Every structure is written in structure tokens, then in C-alpha cells.
Amino acid sequence: MREVVFNEGLRTVRRNAFCGCIFLQRIILPSTLTEIGDDAFNGCRSLREVGLNDGLKKIRGGAFYCCNLLESITIPSTLTEIGTHTFNRCTSLRKAILHENLQKVGAYAFADCNQLERFTFPCISTRLNNVLEVNTTEANRTRQLNEIDAIRGDMIVRRNGTELFVPGAVLRGGSNWNTIKASLDKIVSWIKYHEIKEETTLFELALWKTKLDQADEATDIYREVYRVEVPGPVKDAILQYL
């Protein structure tokens, strides 16, 4: 057996389901799948491609243990837990894309992945870049990047421009995830603050435009007279929810 394509409707791949299928090369999992059981694909040493879709919530321990030819993995946004030894000894794994919603990474989940250079977080990086694009001056961008660097502090999360990543060795197989997660959460909170701040500004501009549209077009008007601002206490209350 070299390929498995699952139908929509499947919710669980149970324990040991395909364990030891040494010729299996490709699996595509449906969006209805919520859980991959312990050792489900353990020892599938020819496995090269795994399609994980949004909807998946848990990957149990040892699910992809010793999948030696697997080179990349993208964790969907709905996944909250990666079990112990999940990708242990995936010796060809070079690229792992993680999501900020991931809450738990078990011990040894990525142990002995000797080719794995870094974990990337493209969703967070894109949001950071969007926040910085709002500030057109180089001085503002530099100031905000300095703020991000101050939040990173211990340098567990690295930065290349607006790309955020964690070196493979820093995860320590999985045992250091809680520390990494805490640093990422601080960065995401900073991003959320500036996203909401920008949305508040857009809301004010929309109110201003509405007032202008209501004005008599035949009458000379001063645009500033119709400016509407969200009161400071309201802004503070919104931002406090972060």
C-alpha cells in the first residue's frame, strides 16, 4: 500500500491503524478528522507527504514516529495538541510550520529530527508585517521593531525582518514549548493591541465620512467640524480586553 486518501466524514484515525506500513508514501486526511491516535503511522518509513487540514485538534503520541522520509509538516490552525514522540526520529524533517493556537507539545515530539533547522510561524509573521506597514515612516517601523525585540527579550523567538522563527534545537524535542509559547503569546498580544488600535482609527474615519455625507452639499463646510472621535475611555476599555 503506497497511498491512502480518506473520505470526508472520518473523525478519528485510531491507535496503530497504519503502524508498520513500510511502503506507504502519501496520505491525505479529510477536514472532518479531529484526532490521530497513538502510533497511527508509526514506522511508515517511506512516508513523504502528509496533508493535515483545519479541523484536526489532536495528534497523539508516536503518531508519525520514525517516518524517516517525511521532509515537511504544516500544523493546521485548529490543532491544539501534539503528543509525546509524535515526530520523533523523523530524520529527514527539515521544515515545520506551527500555529499560534498550538497549546501543548509533548516531550520528545520532535526529538532526533537532526535536519530540522527551524520552526516558523507565518501567520504571526504576516500579522506583524501588516501592523508595521501601517507606519509609513522608517522611524516608526524601527521603534515598533525595537518594541518587539524587547518583548522577545530572552531571544527564544528569533526575528529576521518580520519573520519570526525558533531554531530547531531551542525546542529541545518538545520539552521547551511552554517557554516558547509564553514568548509568542506576548508578541501576539502586542500585535492584537496595534490591530485594534488601527481598527479604532478606521472606525473614526468611517463616522467622519458618514457625517460629511449627511451634510448639505450646497453649503460650504469645514471638514474638521464633522470629525467624530471615539472617546478616550472607550478606546481604553476596548484595548483592556487584550
# chains A, B, ... in the order shown; residues from 1 in each chain; ligands from 1
call {"tool": "residues_around", "arguments": {"residues": "Gln103 (chain A)", "least_positions_apart": "6", "cutoff": "8 Å", "atoms": "only C-alpha atoms", "output": "list in words"}}
result
Thr80, Glu81 and Lys181 of chain A
call {"tool": "atom_distance", "arguments": {"atom1": "CA of Ile22 (chain A)", "atom2": "CA of Ala96 (chain A)"}}
result
22.7 Å
call {"tool": "closest_atom_pairs", "arguments": {"of": "region 69-170 of chain A", "to": "region 194-199 of chain A", "cutoff": "10 Å", "atoms": "only C-alpha atoms", "output": "Markdown table"}}
result
| residue | atom | partner | partner_atom | distance |
| --- | --- | --- | --- | --- |
| A:Arg127 | CA | A:Glu195 | CA | 8.6 |
| A:Leu128 | CA | A:Glu195 | CA | 9.3 |
| A:Asn130 | CA | A:Glu195 | CA | 8.8 |
| A:Val131 | CA | A:Glu195 | CA | 6.6 |
| A:Leu132 | CA | A:His194 | CA | 9.4 |
| A:Val134 | CA | A:Glu198 | CA | 8.2 |
call {"tool": "write_last_selection", "arguments": {"atoms": "N, CA and C atoms", "output": "CSV table (one decimal), in the first residue's frame"}}
result
chain,number,residue,atom,x,y,z
A,127,ARG,N,0.9,38.9,10.3
A,127,ARG,CA,0.2,40.0,11.1
A,127,ARG,C,1.1,41.1,11.6
A,128,LEU,N,2.3,40.7,12.0
A,128,LEU,CA,3.3,41.6,12.4
A,128,LEU,C,3.7,42.6,11.2
A,130,ASN,N,1.9,43.3,8.7
A,130,ASN,CA,0.7,44.2,8.4
A,130,ASN,C,0.7,45.4,9.3
A,131,VAL,N,1.0,45.1,10.6
A,131,VAL,CA,1.0,46.2,11.6
A,131,VAL,C,2.1,47.2,11.2
A,132,LEU,N,3.2,46.8,10.8
A,132,LEU,CA,4.3,47.6,10.5
A,132,LEU,C,4.1,48.4,9.2
A,134,VAL,N,1.4,49.8,8.3
A,134,VAL,CA,0.6,51.0,8.6
A,134,VAL,C,1.4,52.2,8.9
call {"tool": "closest_residue", "arguments": {"among": "A:Glu138, A:Asp38, A:Glu163, A:Glu8", "to": "Gly83 (chain A)", "atoms": "only C-alpha atoms"}}
result
A:Asp38
call {"tool": "select_by_dssp", "arguments": {"residues": "region 33-176 of chain A", "states": "strand (DSSP E)", "output": "list in words"}}
result
Glu35, Ile36, Glu49, Val50, Gly51, Lys58, Ile59, Ser72, Ile73, Thr74, Glu81, Ile82, Lys95, Ala96, Ile97, Lys104, Val105, Arg118, Phe119, Thr120, Arg158, Arg159, Asn160, Glu163, Leu164, Phe165, Val166 and Pro167 of chain A
call {"tool": "write_last_selection", "arguments": {"atoms": "C-alpha atoms", "output": "short mmCIF file (atom, residue, chain, number, x, y, z; two decimals), in the first residue's frame"}}
result
data_model
loop_
_atom_site.label_atom_id
_atom_site.label_comp_id
_atom_site.auth_asym_id
_atom_site.auth_seq_id
_atom_site.Cartn_x
_atom_site.Cartn_y
_atom_site.Cartn_z
CA GLU A 35 -7.80 13.19 16.09
CA ILE A 36 -4.91 10.95 15.03
CA GLU A 49 3.73 13.56 2.24
CA VAL A 50 1.12 14.19 4.94
CA GLY A 51 -1.79 16.56 4.35
CA LYS A 58 -5.00 16.38 18.45
CA ILE A 59 -2.14 14.22 17.25
CA SER A 72 7.95 18.95 5.96
CA ILE A 73 4.88 19.30 8.13
CA THR A 74 2.33 22.10 8.41
CA GLU A 81 -2.00 19.29 21.00
CA ILE A 82 0.96 17.30 19.67
CA LYS A 95 10.55 22.29 7.75
CA ALA A 96 7.89 22.57 10.45
CA ILE A 97 5.24 25.30 10.25
CA LYS A 104 0.77 21.64 24.02
CA VAL A 105 3.82 19.88 22.56
CA ARG A 118 13.76 25.99 12.49
CA PHE A 119 10.09 26.22 13.37
CA THR A 120 8.30 29.05 11.58
CA ARG A 158 14.24 34.90 16.75
CA ARG A 159 13.47 37.54 14.13
CA ASN A 160 14.62 38.02 10.55
CA GLU A 163 9.72 36.73 10.01
CA LEU A 164 9.57 35.08 13.42
CA PHE A 165 11.08 31.65 14.00
CA VAL A 166 12.51 29.33 16.64
CA PRO A 167 15.70 27.35 15.96
#
call {"tool": "residues_around", "arguments": {"residues": "Arg152 (chain A)", "least_positions_apart": "6", "cutoff": "10 Å", "atoms": "only C-alpha atoms", "output": "list in words"}}
result
Asn146, Arg158, Arg159, Ile180, Ala182, Ser183, Leu184, Lys186 and Ile187 of chain A
call {"tool": "residues_around", "arguments": {"residues": "Gln115 (chain A)", "least_positions_apart": "5", "cutoff": "9 Å", "atoms": "only C-alpha atoms", "output": "ChimeraX atom specification"}}
result
/A:71,90-95,168
call {"tool": "write_last_selection", "arguments": {"atoms": "C-alpha atoms", "output": "PDB file, in the first residue's frame"}}
result
ATOM      1  CA  GLU A  71      10.545  16.354   4.947  1.00  0.00           C
ATOM      2  CA  CYS A  90      11.778  11.869  11.504  1.00  0.00           C
ATOM      3  CA  THR A  91      15.369  12.223  10.397  1.00  0.00           C
ATOM      4  CA  SER A  92      14.617  13.958   7.050  1.00  0.00           C
ATOM      5  CA  LEU A  93      12.269  16.561   8.525  1.00  0.00           C
ATOM      6  CA  ARG A  94      13.559  19.990   7.512  1.00  0.00           C
ATOM      7  CA  LYS A  95      10.554  22.288   7.754  1.00  0.00           C
ATOM      8  CA  GLY A 168      15.052  23.614  15.981  1.00  0.00           C
TER       9      GLY A 168
END
call {"tool": "atom_distance", "arguments": {"atom1": "CA of Gly37 (chain A)", "atom2": "CA of Ala107 (chain A)"}}
result
16.5 Å
call {"tool": "residues_around", "arguments": {"residues": "Leu69 (chain A)", "least_positions_apart": "6", "cutoff": "6 Å", "atoms": "only C-alpha atoms", "output": "PDB file with N, CA and C atoms, in the first residue's frame"}}
result
ATOM      1  N   SER A  46       8.555   5.045   4.578  1.00  0.00           N
ATOM      2  CA  SER A  46       8.580   5.580   3.213  1.00  0.00           C
ATOM      3  C   SER A  46       7.671   6.802   3.058  1.00  0.00           C
ATOM      4  N   LEU A  47       6.999   7.191   4.139  1.00  0.00           N
ATOM      5  CA  LEU A  47       6.031   8.284   4.075  1.00  0.00           C
ATOM      6  C   LEU A  47       6.727   9.610   3.768  1.00  0.00           C
ATOM      7  N   ARG A  48       6.311  10.254   2.677  1.00  0.00           N
ATOM      8  CA  ARG A  48       6.919  11.509   2.239  1.00  0.00           C
ATOM      9  C   ARG A  48       5.975  12.703   2.353  1.00  0.00           C
ATOM     10  N   SER A  92      14.539  13.110   8.243  1.00  0.00           N
ATOM     11  CA  SER A  92      14.617  13.958   7.050  1.00  0.00           C
ATOM     12  C   SER A  92      13.808  15.244   7.197  1.00  0.00           C
TER      13      SER A  92
END
